[in-house]
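Novice: As input, take entry_21.cif (mmCIF, C-alpha atoms and all ligand atoms):
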data_run
#
loop_
_atom_site.label_atom_id
_atom_site.label_comp_id
_atom_site.auth_asym_id
_atom_site.auth_seq_id
_atom_site.Cartn_x
_atom_site.Cartn_y
_atom_site.Cartn_z
CA MET R 3 -16.31 -22.45 -4.89
CA ASN R 4 -17.89 -25.34 -3.06
CA VAL R 5 -20.88 -25.06 -0.78
CA HIS R 6 -18.83 -25.57 2.37
CA PHE R 7 -16.53 -22.72 1.37
CA GLN R 8 -19.50 -20.46 0.76
CA ASP R 9 -20.76 -21.27 4.27
CA GLU R 10 -17.42 -20.25 5.72
CA LEU R 11 -17.51 -16.97 3.82
CA LYS R 12 -20.99 -16.29 5.16
CA LYS R 13 -19.69 -16.83 8.68
CA ALA R 14 -16.91 -14.29 8.09
CA SER R 15 -19.52 -11.78 6.90
CA ALA R 16 -22.00 -12.45 9.71
CA PRO R 17 -22.55 -9.85 12.45
CA ILE R 18 -19.46 -9.75 14.62
CA GLU R 19 -21.05 -11.53 17.60
CA LYS R 20 -21.72 -14.56 15.45
CA ALA R 21 -18.87 -14.34 12.96
CA THR R 22 -15.82 -16.50 12.64
CA GLY R 23 -12.81 -15.25 10.74
CA LEU R 24 -11.82 -16.14 7.19
CA PRO R 25 -10.99 -19.81 6.75
CA ASN R 26 -7.41 -21.08 6.85
CA TRP R 27 -7.44 -21.54 3.08
CA PHE R 28 -7.20 -17.78 2.65
CA TYR R 29 -3.97 -17.64 4.58
CA THR R 30 -2.07 -20.79 3.81
CA SER R 31 -2.93 -22.21 0.40
CA GLU R 32 -1.01 -21.54 -2.78
CA GLU R 33 -4.29 -21.13 -4.65
CA SER R 34 -5.39 -18.28 -2.39
CA MET R 35 -2.75 -15.95 -3.77
CA ALA R 36 -3.81 -16.37 -7.39
CA ALA R 37 -7.46 -16.10 -6.43
CA GLU R 38 -6.83 -12.94 -4.43
CA LYS R 39 -4.86 -11.38 -7.24
CA GLU R 40 -7.79 -11.86 -9.57
CA LYS R 41 -10.65 -11.07 -7.21
CA VAL R 42 -9.22 -8.71 -4.59
CA PHE R 43 -6.13 -6.90 -5.90
CA ALA R 44 -6.90 -6.45 -9.61
CA PRO R 45 -10.43 -4.99 -9.27
CA ASN R 46 -9.53 -2.59 -6.44
CA TRP R 47 -6.94 0.08 -5.71
CA ALA R 48 -3.72 -1.60 -4.52
CA GLY R 49 -0.49 0.07 -3.41
CA ILE R 50 2.62 -0.80 -5.43
CA GLY R 51 5.18 1.79 -4.34
CA PHE R 52 5.93 5.43 -3.62
CA ALA R 53 6.10 8.50 -5.82
CA LYS R 54 9.19 9.68 -3.91
CA ASP R 55 11.12 6.99 -5.80
CA VAL R 56 10.58 8.89 -9.06
CA PRO R 57 11.00 12.49 -7.88
CA GLU R 58 11.96 14.09 -11.20
CA PRO R 59 10.91 13.91 -14.85
CA GLY R 60 12.67 10.98 -16.48
CA ASP R 61 12.88 8.91 -13.29
CA VAL R 62 11.79 5.29 -13.56
CA LYS R 63 11.22 2.58 -10.98
CA PRO R 64 10.43 -0.99 -12.03
CA VAL R 65 8.43 -3.07 -9.57
CA PHE R 66 6.99 -6.54 -9.48
CA PHE R 67 3.55 -6.69 -7.96
CA LEU R 68 2.03 -10.12 -7.47
CA GLY R 69 4.30 -11.33 -10.23
CA GLU R 70 3.33 -8.56 -12.66
CA PRO R 71 6.16 -6.43 -14.01
CA LEU R 72 5.15 -2.79 -13.75
CA VAL R 73 7.13 0.41 -14.08
CA ILE R 74 6.47 3.75 -12.42
CA VAL R 75 7.56 6.60 -14.70
CA HIS R 76 7.75 10.31 -13.98
CA GLY R 77 6.97 11.76 -17.40
CA ARG R 78 8.61 14.83 -18.86
CA ASP R 79 5.10 16.28 -18.74
CA HIS R 80 5.46 16.07 -14.92
CA LYS R 81 2.84 13.37 -14.55
CA VAL R 82 3.62 10.10 -12.78
CA ARG R 83 2.22 7.06 -14.60
CA VAL R 84 2.36 3.30 -14.23
CA PHE R 85 2.83 1.04 -17.25
CA HIS R 86 3.01 -2.67 -17.82
CA ASN R 87 6.75 -3.13 -18.02
CA ALA R 88 6.81 -4.95 -21.34
CA CYS R 89 7.93 -3.79 -24.78
CA ARG R 90 5.10 -3.83 -27.31
CA HIS R 91 7.32 -5.65 -29.84
CA ARG R 92 8.35 -8.99 -28.38
CA GLY R 93 7.55 -8.35 -24.75
CA VAL R 94 10.99 -7.81 -23.26
CA ARG R 95 10.81 -6.35 -19.78
CA LEU R 96 11.63 -2.78 -20.68
CA VAL R 97 13.02 -1.17 -17.52
CA GLU R 98 15.24 -3.40 -15.37
CA GLU R 99 16.71 -0.92 -12.91
CA PRO R 100 15.53 2.21 -11.16
CA GLY R 101 17.18 5.33 -12.50
CA LYS R 102 16.96 8.40 -14.64
CA THR R 103 16.17 8.30 -18.34
CA THR R 104 17.74 11.19 -20.14
CA GLY R 105 16.15 10.44 -23.49
CA LEU R 106 13.71 7.74 -24.49
CA LEU R 107 13.00 4.43 -22.82
CA ARG R 108 14.87 2.09 -25.12
CA CYS R 109 14.23 -1.60 -25.38
CA ARG R 110 17.53 -3.43 -25.46
CA TYR R 111 16.35 -6.19 -27.81
CA HIS R 112 15.52 -4.38 -31.08
CA ALA R 113 15.74 -0.79 -29.81
CA TRP R 114 12.11 0.27 -30.02
CA CYS R 115 11.96 3.50 -28.03
CA TYR R 116 9.20 5.04 -25.95
CA SER R 117 8.74 8.49 -24.50
CA THR R 118 8.40 8.88 -20.74
CA GLU R 119 4.68 9.45 -21.42
CA GLY R 120 4.56 5.95 -22.93
CA LYS R 121 4.33 6.83 -26.61
CA LEU R 122 6.15 4.64 -29.13
CA LYS R 123 8.62 6.96 -30.84
CA GLN R 124 11.18 4.88 -32.74
CA THR R 125 11.08 1.49 -34.44
CA PRO R 126 14.48 1.02 -36.09
CA HIS R 127 14.62 -1.22 -39.17
CA VAL R 128 11.03 -2.28 -38.63
CA GLY R 129 10.38 -2.08 -42.38
CA GLY R 130 13.69 -3.75 -43.30
CA PRO R 131 17.32 -2.62 -43.05
CA GLY R 132 17.48 1.15 -42.94
CA ILE R 133 13.67 1.52 -43.11
CA HIS R 134 12.36 2.65 -39.75
CA HIS R 135 8.64 2.52 -40.37
CA HIS R 136 6.06 0.15 -41.80
CA LYS R 137 2.48 0.83 -42.79
CA ASP R 138 1.20 -1.90 -40.46
CA ILE R 139 3.12 -0.71 -37.42
CA ASN R 140 1.05 2.19 -36.15
CA LYS R 141 3.08 3.96 -33.49
CA ASP R 142 -0.02 5.67 -32.14
CA GLU R 143 -1.48 2.30 -31.22
CA LEU R 144 1.62 0.69 -29.81
CA GLY R 145 2.51 2.83 -26.84
CA LEU R 146 3.27 1.25 -23.48
CA ILE R 147 0.14 -0.13 -21.89
CA GLU R 148 -0.82 2.15 -19.05
CA VAL R 149 -2.27 0.93 -15.78
CA ARG R 150 -4.76 3.19 -14.06
CA SER R 151 -3.01 4.84 -11.14
CA HIS R 152 -3.58 7.35 -8.38
CA ILE R 153 -1.22 8.91 -5.87
CA PHE R 154 -2.37 9.51 -2.32
CA LYS R 155 -0.06 10.42 0.55
CA ASP R 156 2.78 9.55 -1.83
CA VAL R 157 1.58 5.96 -2.26
CA VAL R 158 1.20 4.87 -5.87
CA PHE R 159 -2.07 2.97 -6.10
CA VAL R 160 -3.03 0.99 -9.19
CA ASN R 161 -6.25 -0.52 -10.41
CA LEU R 162 -5.04 -3.39 -12.59
CA SER R 163 -8.47 -4.27 -13.99
CA GLY R 164 -9.23 -0.67 -14.93
CA GLY R 165 -12.81 -1.15 -13.76
CA ALA R 166 -12.78 0.23 -10.21
CA LYS R 167 -14.65 3.37 -9.31
CA PRO R 168 -12.35 6.40 -9.10
CA PHE R 169 -10.05 6.38 -6.07
CA GLU R 170 -11.67 9.52 -4.67
CA GLU R 171 -15.05 7.87 -4.83
CA VAL R 172 -14.01 4.54 -3.29
CA PHE R 173 -12.27 6.28 -0.38
CA LYS R 174 -14.51 9.36 -0.27
CA THR R 175 -15.33 9.08 3.41
CA ALA R 176 -11.69 8.55 4.40
CA LEU R 177 -10.59 11.55 2.35
CA GLU R 178 -13.30 13.67 3.96
CA ARG R 179 -12.18 12.51 7.37
CA TRP R 180 -8.62 13.60 6.58
CA LYS R 181 -9.50 16.72 4.63
CA GLU R 182 -7.32 18.83 6.89
CA PHE R 183 -4.31 16.77 5.84
CA GLU R 184 -4.81 17.60 2.18
CA GLN R 185 -1.46 19.32 1.99
CA PRO R 186 1.99 18.49 0.65
CA ILE R 187 4.16 15.96 2.45
CA TYR R 188 7.92 15.60 2.15
CA HIS R 189 9.72 12.31 2.40
CA GLY R 190 12.08 12.18 5.36
CA GLY R 191 14.90 10.66 3.29
CA GLU R 192 16.27 7.17 3.00
CA ASP R 193 17.67 7.26 6.54
CA SER R 194 14.10 7.27 7.79
CA SER R 195 12.81 4.56 5.48
CA PHE R 196 12.82 0.94 6.32
CA LYS R 197 11.68 -2.31 4.95
CA LEU R 198 10.78 -5.16 7.20
CA LEU R 199 11.85 -7.98 4.98
CA ASN R 200 10.44 -11.42 4.78
CA LEU R 201 7.74 -11.45 7.36
CA LYS R 202 6.88 -15.12 7.34
CA THR R 203 3.20 -14.51 7.28
CA ASN R 204 0.21 -13.90 5.07
CA TRP R 205 -0.27 -10.29 3.98
CA LYS R 206 -3.78 -10.06 5.44
CA LEU R 207 -2.51 -10.69 8.95
CA ALA R 208 -0.30 -7.60 8.67
CA VAL R 209 -3.37 -5.57 7.68
CA GLU R 210 -5.48 -7.08 10.44
CA ASN R 211 -2.89 -6.36 13.10
CA PHE R 212 -2.77 -2.73 11.98
CA CYS R 213 -6.53 -2.38 12.33
CA GLU R 214 -6.64 -3.00 16.06
CA ALA R 215 -5.24 -1.56 19.27
CA TYR R 216 -6.38 -4.53 21.38
CA HIS R 217 -2.85 -5.96 21.49
CA LEU R 218 -1.30 -2.69 22.64
CA PRO R 219 -0.71 -3.46 26.35
CA PHE R 220 0.71 -6.89 25.61
CA ILE R 221 2.85 -6.32 22.52
CA HIS R 222 3.78 -2.64 22.90
CA PRO R 223 4.18 -2.12 26.67
CA GLY R 224 6.45 0.90 26.09
CA LEU R 225 3.97 2.64 23.83
CA ASN R 226 1.15 1.69 26.17
CA GLU R 227 2.81 3.82 28.86
CA ILE R 228 2.08 6.96 26.86
CA SER R 229 -0.82 5.98 24.62
CA LYS R 230 -2.93 3.56 26.55
CA LEU R 231 -5.51 1.10 25.38
CA GLU R 232 -8.30 3.29 26.73
CA ASP R 233 -6.98 6.23 24.69
CA HIS R 234 -7.67 4.28 21.50
CA GLU R 235 -10.81 3.87 19.47
CA ASN R 236 -11.76 1.91 16.38
CA ILE R 237 -12.34 3.87 13.19
CA LEU R 238 -15.11 2.20 11.26
CA SER R 239 -16.66 2.79 7.88
CA LYS R 240 -18.94 1.11 5.40
CA ALA R 241 -16.31 1.65 2.71
CA PRO R 242 -13.16 -0.44 2.09
CA TRP R 243 -11.14 1.04 4.92
CA SER R 244 -10.95 0.85 8.70
CA GLY R 245 -8.48 1.61 11.44
CA GLN R 246 -7.88 3.04 14.85
CA LEU R 247 -7.07 6.32 16.53
CA THR R 248 -5.37 7.48 19.67
CA ARG R 249 -6.35 10.52 21.71
CA ALA R 250 -3.02 10.56 23.54
CA PHE R 251 -0.67 11.63 20.77
CA ASN R 252 2.20 13.94 21.66
CA ALA R 253 4.26 15.69 19.01
CA SER R 254 8.03 15.03 19.18
CA TYR R 255 10.40 17.53 20.78
CA ASP R 256 14.17 17.29 20.95
CA GLU R 257 16.34 18.19 23.94
CA GLY R 258 16.41 21.81 22.84
CA GLY R 259 12.62 21.90 22.78
CA ARG R 260 12.40 22.01 18.97
CA ASN R 261 9.51 20.31 17.22
CA PHE R 262 9.12 19.18 13.63
CA ALA R 263 7.12 21.62 11.51
CA PHE R 264 3.40 21.07 12.03
CA PHE R 265 0.95 20.68 9.17
CA SER R 266 -0.84 23.95 8.51
CA ASN R 267 -4.19 25.01 9.90
CA LEU R 268 -5.05 21.77 11.64
CA SER R 269 -7.90 21.91 14.10
CA LYS R 270 -7.16 21.61 17.78
CA LYS R 271 -8.10 17.94 18.03
CA TRP R 272 -4.93 16.99 16.15
CA ASP R 273 -2.83 18.29 19.06
CA THR R 274 -3.59 15.02 20.79
CA GLU R 275 -5.12 12.80 18.13
CA ALA R 276 -3.41 10.56 15.58
CA GLU R 277 -5.14 8.18 13.20
CA TYR R 278 -4.13 4.96 11.51
CA VAL R 279 -6.14 3.69 8.59
CA ALA R 280 -5.86 0.59 6.42
CA PHE R 281 -6.91 1.34 2.85
CA TYR R 282 -7.99 -2.05 1.60
CA PRO R 283 -6.44 -4.15 0.38
CA ASN R 284 -2.80 -3.39 1.19
CA VAL R 285 -1.96 0.18 2.21
CA GLN R 286 -1.73 1.59 5.71
CA ILE R 287 -1.38 5.27 6.46
CA GLY R 288 -0.88 7.11 9.72
CA VAL R 289 -1.42 10.85 10.17
CA HIS R 290 -0.06 13.00 12.98
CA LYS R 291 0.24 16.72 13.48
CA ASP R 292 3.95 16.62 12.65
CA HIS R 293 4.46 13.64 10.32
CA THR R 294 2.74 10.91 8.35
CA PHE R 295 3.76 7.41 7.44
CA ALA R 296 2.72 5.10 4.66
CA ILE R 297 3.12 1.35 4.48
CA VAL R 298 2.73 -0.75 1.37
CA ILE R 299 2.16 -4.39 2.18
CA GLU R 300 3.59 -6.54 -0.57
CA PRO R 301 2.40 -10.13 -0.70
CA LYS R 302 5.22 -12.35 -1.96
CA SER R 303 3.58 -15.73 -1.41
CA PRO R 304 0.85 -17.00 0.91
CA GLY R 305 3.37 -17.17 3.76
CA GLU R 306 5.72 -14.32 2.91
CA THR R 307 5.10 -10.59 3.00
CA ASP R 308 7.23 -7.46 2.74
CA GLU R 309 6.29 -4.25 4.48
CA HIS R 310 7.64 -1.06 2.91
CA ILE R 311 7.48 1.78 5.39
CA GLU R 312 8.14 5.47 4.64
CA LEU R 313 7.98 8.56 6.83
CA TYR R 314 7.00 12.06 5.71
CA TYR R 315 7.05 15.56 7.16
CA ALA R 316 5.15 18.80 6.74
CA ASP R 317 8.00 20.95 5.43
CA PRO R 318 10.94 20.24 3.10
CA SER R 319 13.34 21.83 5.61
CA MET R 320 12.74 18.82 7.86
CA ARG R 321 15.08 16.97 5.50
CA ASP R 322 17.96 19.27 6.44
CA GLU R 323 20.91 17.92 8.36
CA GLU R 324 19.98 19.82 11.50
CA TRP R 325 16.89 17.61 11.81
CA GLU R 326 18.70 14.36 11.18
CA THR R 327 18.93 13.23 14.80
CA MET R 328 15.28 13.94 15.40
CA ARG R 329 14.25 12.22 12.18
CA ASN R 330 16.31 9.18 13.13
CA THR R 331 14.76 9.11 16.60
CA ASN R 332 11.29 9.18 15.07
CA ALA R 333 12.18 6.47 12.55
CA SER R 334 13.71 4.27 15.28
CA MET R 335 10.62 4.66 17.42
CA TRP R 336 8.36 3.46 14.59
CA LYS R 337 10.76 0.75 13.60
CA SER R 338 10.80 -0.73 17.08
CA ILE R 339 7.00 -0.54 17.36
CA PHE R 340 6.49 -2.28 14.02
CA LYS R 341 9.12 -4.86 14.89
CA GLU R 342 7.30 -5.65 18.11
CA ASP R 343 4.35 -6.70 15.95
CA VAL R 344 6.31 -9.08 13.71
CA ASP R 345 6.34 -12.07 16.06
CA VAL R 346 2.57 -12.15 16.58
CA ILE R 347 1.78 -11.43 12.95
CA GLN R 348 3.88 -14.48 12.08
CA ALA R 349 2.43 -16.55 14.91
CA MET R 350 -1.10 -15.93 13.61
CA TYR R 351 0.06 -17.47 10.36
CA HIS R 352 1.43 -20.53 12.18
CA GLY R 353 -1.88 -20.91 13.99
CA ARG R 354 -3.69 -21.02 10.69
CA ARG R 355 -1.88 -24.22 9.85
CA ALA R 356 -3.89 -25.93 12.61
CA SER R 357 -6.46 -27.83 10.58
CA GLY R 358 -9.04 -27.58 13.34
CA PHE R 359 -8.80 -23.79 13.59
CA ASP R 360 -12.14 -22.31 12.60
CA GLY R 361 -11.07 -18.81 11.61
CA GLY R 362 -11.19 -17.43 15.14
CA HIS R 363 -13.71 -15.50 17.21
CA PHE R 364 -13.75 -11.72 17.38
CA SER R 365 -14.14 -9.49 20.37
CA PRO R 366 -17.38 -7.69 19.47
CA VAL R 367 -15.90 -4.53 20.96
CA MET R 368 -12.21 -4.58 20.09
CA ASP R 369 -12.10 -6.34 16.71
CA GLU R 370 -14.72 -4.47 14.70
CA ALA R 371 -12.23 -3.03 12.23
CA THR R 372 -10.67 -6.44 11.61
CA HIS R 373 -14.09 -7.99 11.18
CA HIS R 374 -14.94 -5.35 8.59
CA PHE R 375 -11.83 -6.32 6.63
CA HIS R 376 -12.77 -10.01 6.74
CA GLY R 377 -16.25 -9.23 5.47
CA TRP R 378 -14.79 -7.14 2.66
CA ILE R 379 -12.40 -9.90 1.56
CA ALA R 380 -15.19 -12.49 1.79
CA SER R 381 -17.50 -10.33 -0.34
CA HIS R 382 -15.20 -10.78 -3.33
CA PHE R 383 -15.57 -14.54 -3.22
CA MET R 384 -19.22 -15.00 -2.34
CA ASP R 385 -21.57 -16.25 -5.01
CA SER R 386 -23.63 -13.50 -6.60
CA THR R 387 -21.99 -10.83 -4.51
CA LYS R 388 -20.57 -7.79 -6.17
CA ALA R 389 -17.33 -6.41 -4.82
CA THR R 390 -16.90 -2.73 -3.98
S1 LIG K 1 11.26 -6.74 -27.83
FE1 LIG K 1 11.53 -4.66 -27.54
S2 LIG K 1 12.25 -3.96 -29.42
FE2 LIG K 1 11.96 -6.05 -29.77
FE FE K 2 1.02 -3.27 16.92
#
Show how you would write the structure in this file as structure tokens.

Specialist:
Amino acid sequence: MNVHFQDELKKASAPIEKATGLPNWFYTSEESMAAEKEKVFAPNWAGIGFAKDVPEPGDVKPVFFLGEPLVIVHGRDHKVRVFHNACRHRGVRLVEEPGKTTGLLRCRYHAWCYSTEGKLKQTPHVGGPGIHHHKDINKDELGLIEVRSHIFKDVVFVNLSGGAKPFEEVFKTALERWKEFEQPIYHGGEDSSFKLLNLKTNWKLAVENFCEAYHLPFIHPGLNEISKLEDHENILSKAPWSGQLTRAFNASYDEGGRNFAFFSNLSKKWDTEAEYVAFYPNVQIGVHKDHTFAIVIEPKSPGETDEHIELYYADPSMRDEEWETMRNTNASMWKSIFKEDVDVIQAMYHGRRASGFDGGHFSPVMDEATHHFHGWIASHFMDSTKAT
């Protein structure tokens, strides 16, 4: 990186009063995506999908993440794993469609077959017609290549490089903060899932918007009626996460006065508090007394991003038909709030096409969480700086 670029990174990492945001290059250039894949996504824990998509042994879900074909597999040993989605023979993409595998994962080219735990099991005719083994083809060494993965709040995180510290260590302070929520969650069903397709913006702007409540009165006037700006606070850490909280949360009740099941044994503060945390780089999770949500931000190109949003409840009975109306009301509420954000998230991207824009100036009070994210991104690109 050139000297000028290093200066800009230093400015993004400076104390908030003096900092300017990340340079336009990070948001608009084609090169930024490849550089971020290598320096930000691969060495850290990135979200690629949801375990609810592979609920039972034998279930498979192929995904592309930053151009990499991966497959999430629920093994017959009941463990969910992520593999590079490529046959060890000639590299055919192994799993094309989500679904259930009743037997082995079979490559359609020459029929090499793998177990759902990734072991190579069959290699037909590999030693010549009718000979299904060869001394130089060691099945024990040619299983599917596994990617390190970790599931948290149903999000499937991967560490592509394999070199990150364990997930629990990287996010230790966040997990401690949410210790009371260490309990099962149950997906609310596809009727309460939604995908905001094709946000014409850079993925980081979606993260940054999530980190702050500053825009609340202007972008979410309806929400601001019940959960006002002054009810919110930044959540800051030294680790790769930040977010915001509200102290004006109210659990949902329907017309008959019924509420969703509450998570068990929560302390009193959660009666009125809800927290929203961005797990860097690309996962956002919200926790409430009666539901959680998880968002995986999927960068498609420098100017195109998908947000995958899923809602979860504290008890499997919340998936029953009698809760459908209430679930839909909750999903619609979140959908409209997130949709309110889309215009400004996209407009920030447009603004970064202004060649004179210097990265922007933070409110030292309101933008601390966003500033922390900028410093974290910058740290991966600064000379002689080691990333987290
Ligand atoms: S490429 Fe898969 S069996 Fe040949
Ligand atoms: Fe918002």

Novice: Give me, please, the distance in Å between CA of Ala53 (chain R) and CA of Val75 (chain R), quoted to one decimal.

Specialist: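 Answer for the CA of Ala53 (chain R) to CA of Val75 (chain R) separation: 9.2 Å.
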
Novice: Counting all atoms listed in the file, what residues are within 9 Å of ligand FE 2 (chain K), given as a compact mmCIF listing (two decimals) with C-alpha atoms, keeping the file's coordinate frame?

Specialist:
# COMPACT_ATOMS: atom_id res chain seq x y z
CA ASN R 211 -2.89 -6.36 13.10
CA PHE R 212 -2.77 -2.73 11.98
CA CYS R 213 -6.53 -2.38 12.33
CA GLU R 214 -6.64 -3.00 16.06
CA ALA R 215 -5.24 -1.56 19.27
CA TYR R 216 -6.38 -4.53 21.38
CA HIS R 217 -2.85 -5.96 21.49
CA LEU R 218 -1.30 -2.69 22.64
CA ILE R 221 2.85 -6.32 22.52
CA HIS R 222 3.78 -2.64 22.90
CA ILE R 339 7.00 -0.54 17.36
CA PHE R 340 6.49 -2.28 14.02
CA LYS R 341 9.12 -4.86 14.89
CA GLU R 342 7.30 -5.65 18.11
CA ASP R 343 4.35 -6.70 15.95
CA VAL R 344 6.31 -9.08 13.71

Novice: What is the CA of Tyr315 (chain R)-CA of Ile187 (chain R) distance in Å, reported with one decimal?

Specialist: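 Separation of CA of Tyr315 (chain R) and CA of Ile187 (chain R): 5.5 Å.
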
Novice: Each residue of chain R lying at most 12 Å from ligand LIG 1 (chain K) should get a row with its shortest atom-to-atom pair and the distance in Å to one decimal, counting only C-alpha atoms and all ligand atoms; could you produce that, ordered by chain and increasing number, as JSON lines?

Specialist:
{"residue": "R:Asn87", "atom": "CA", "partner": "K:LIG1", "partner_atom": "FE1", "distance": 10.8}
{"residue": "R:Ala88", "atom": "CA", "partner": "K:LIG1", "partner_atom": "FE1", "distance": 7.8}
{"residue": "R:Cys89", "atom": "CA", "partner": "K:LIG1", "partner_atom": "FE1", "distance": 4.6}
{"residue": "R:Arg90", "atom": "CA", "partner": "K:LIG1", "partner_atom": "FE1", "distance": 6.5}
{"residue": "R:His91", "atom": "CA", "partner": "K:LIG1", "partner_atom": "S1", "distance": 4.6}
{"residue": "R:Arg92", "atom": "CA", "partner": "K:LIG1", "partner_atom": "S1", "distance": 3.7}
{"residue": "R:Gly93", "atom": "CA", "partner": "K:LIG1", "partner_atom": "S1", "distance": 5.1}
{"residue": "R:Val94", "atom": "CA", "partner": "K:LIG1", "partner_atom": "S1", "distance": 4.7}
{"residue": "R:Arg95", "atom": "CA", "partner": "K:LIG1", "partner_atom": "FE1", "distance": 8.0}
{"residue": "R:Leu96", "atom": "CA", "partner": "K:LIG1", "partner_atom": "FE1", "distance": 7.1}
{"residue": "R:Val97", "atom": "CA", "partner": "K:LIG1", "partner_atom": "FE1", "distance": 10.7}
{"residue": "R:Leu107", "atom": "CA", "partner": "K:LIG1", "partner_atom": "FE1", "distance": 10.3}
{"residue": "R:Arg108", "atom": "CA", "partner": "K:LIG1", "partner_atom": "S2", "distance": 7.9}
{"residue": "R:Cys109", "atom": "CA", "partner": "K:LIG1", "partner_atom": "FE1", "distance": 4.6}
{"residue": "R:Arg110", "atom": "CA", "partner": "K:LIG1", "partner_atom": "FE1", "distance": 6.5}
{"residue": "R:Tyr111", "atom": "CA", "partner": "K:LIG1", "partner_atom": "FE2", "distance": 4.8}
{"residue": "R:His112", "atom": "CA", "partner": "K:LIG1", "partner_atom": "S2", "distance": 3.7}
{"residue": "R:Ala113", "atom": "CA", "partner": "K:LIG1", "partner_atom": "S2", "distance": 4.7}
{"residue": "R:Trp114", "atom": "CA", "partner": "K:LIG1", "partner_atom": "S2", "distance": 4.3}
{"residue": "R:Cys115", "atom": "CA", "partner": "K:LIG1", "partner_atom": "S2", "distance": 7.6}
{"residue": "R:Tyr116", "atom": "CA", "partner": "K:LIG1", "partner_atom": "FE1", "distance": 10.1}
{"residue": "R:Leu122", "atom": "CA", "partner": "K:LIG1", "partner_atom": "S2", "distance": 10.5}
{"residue": "R:Lys123", "atom": "CA", "partner": "K:LIG1", "partner_atom": "S2", "distance": 11.6}
{"residue": "R:Gln124", "atom": "CA", "partner": "K:LIG1", "partner_atom": "S2", "distance": 9.5}
{"residue": "R:Thr125", "atom": "CA", "partner": "K:LIG1", "partner_atom": "S2", "distance": 7.5}
{"residue": "R:Pro126", "atom": "CA", "partner": "K:LIG1", "partner_atom": "S2", "distance": 8.6}
{"residue": "R:His127", "atom": "CA", "partner": "K:LIG1", "partner_atom": "S2", "distance": 10.4}
{"residue": "R:Val128", "atom": "CA", "partner": "K:LIG1", "partner_atom": "S2", "distance": 9.4}
{"residue": "R:Leu144", "atom": "CA", "partner": "K:LIG1", "partner_atom": "FE1", "distance": 11.5}
{"residue": "R:Gly145", "atom": "CA", "partner": "K:LIG1", "partner_atom": "FE1", "distance": 11.7}
{"residue": "R:Leu146", "atom": "CA", "partner": "K:LIG1", "partner_atom": "FE1", "distance": 10.9}

Novice: What is the CA of Tyr282 (chain R) to CA of Ile297 (chain R) distance in Å?

Specialist: 12.0 Å

Novice: Mind checking which residues fall within 9 Å of Phe359 (chain R), counting all atoms listed in the file, ignoring those fewer than 6 positions away in the same chain, and posting them as a list in words?

Specialist: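 Neighbouring residues, sequence-local ones excluded: Pro25, Asn26 and Gly353 of chain R.
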
Novice: Under the rule that only C-alpha atoms are counted, which of R:Ala253, R:Val65, R:Ser338, R:His363 is the nearest residue to Gly49 (chain R)?

Specialist: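 The closest residue to Gly49 (chain R) is R:Val65.
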
Novice: Need the shell around region 242-245 of chain R: protein/DNA/RNA residues with any atom at most 6 Å away, counting all atoms listed in the file. Skip same-chain ones fewer than 5 positions apart. Format as a short mmCIF file (atom, residue, chain, number, x, y, z; two decimals) with C-alpha atoms, keeping the file's coordinate frame?

Specialist:
data_model
loop_
_atom_site.label_atom_id
_atom_site.label_comp_id
_atom_site.auth_asym_id
_atom_site.auth_seq_id
_atom_site.Cartn_x
_atom_site.Cartn_y
_atom_site.Cartn_z
CA CYS R 213 -6.53 -2.38 12.33
CA ASN R 236 -11.76 1.91 16.38
CA ILE R 237 -12.34 3.87 13.19
CA TYR R 278 -4.13 4.96 11.51
CA VAL R 279 -6.14 3.69 8.59
CA ALA R 280 -5.86 0.59 6.42
CA PHE R 281 -6.91 1.34 2.85
CA TYR R 282 -7.99 -2.05 1.60
CA ALA R 371 -12.23 -3.03 12.23
#

Novice: Rank R:Met384, R:Val84, R:Ala14, R:Val346 by their smallest atom-to-atom distance to Lys202 (chain R), using all atoms listed in the file, and report the top residue only.

Specialist: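 Counting all atoms listed in the file, the residue closest to Lys202 (chain R) is R:Val346.
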
Novice: Which residues of region 255-352 of chain R sit at most 9 Å from region 147-158 of chain R, using all atoms listed in the file? Give each one's shortest atom pair and distance in Å (one decimal place), in chain and ascending residue order, as CSV.

Specialist:
residue,atom,partner,partner_atom,distance
R:Val285,CA,R:Val157,CA,8.1
R:Ile287,CA,R:Lys155,CA,7.9
R:Thr294,CA,R:Lys155,CA,8.3
R:Phe295,CA,R:Lys155,CA,8.4
R:Ala296,CA,R:Val157,CA,7.1
R:Ile297,CA,R:Val157,CA,8.3
R:Val298,CA,R:Val157,CA,7.7
R:Tyr314,CA,R:Lys155,CA,8.9

Novice: Can I get the selected residues back with C-alpha atoms, as a PDB file, keeping the file's coordinate frame?

Specialist:
ATOM      1  CA  VAL R 285      -1.960   0.180   2.210  1.00  0.00           C
ATOM      2  CA  ILE R 287      -1.380   5.270   6.460  1.00  0.00           C
ATOM      3  CA  THR R 294       2.740  10.910   8.350  1.00  0.00           C
ATOM      4  CA  PHE R 295       3.760   7.410   7.440  1.00  0.00           C
ATOM      5  CA  ALA R 296       2.720   5.100   4.660  1.00  0.00           C
ATOM      6  CA  ILE R 297       3.120   1.350   4.480  1.00  0.00           C
ATOM      7  CA  VAL R 298       2.730  -0.750   1.370  1.00  0.00           C
ATOM      8  CA  TYR R 314       7.000  12.060   5.710  1.00  0.00           C
TER       9      TYR R 314
END

Novice: Of the candidates R:Gln8, R:Asn226, R:Ser195, R:Ser269, which one gets nearest to Glu312 (chain R) if we count all atoms listed in the file?

Specialist: R:Ser195

Novice: Compare R:Ala208, R:Ile18, R:Leu162, R:Lys39 by their minimum atom-to-atom distance to Gln286 (chain R), counting all atoms listed in the file, and give me the closest one.

Specialist: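 Using all atoms listed in the file, the shortest distance to Gln286 (chain R) belongs to R:Ala208.
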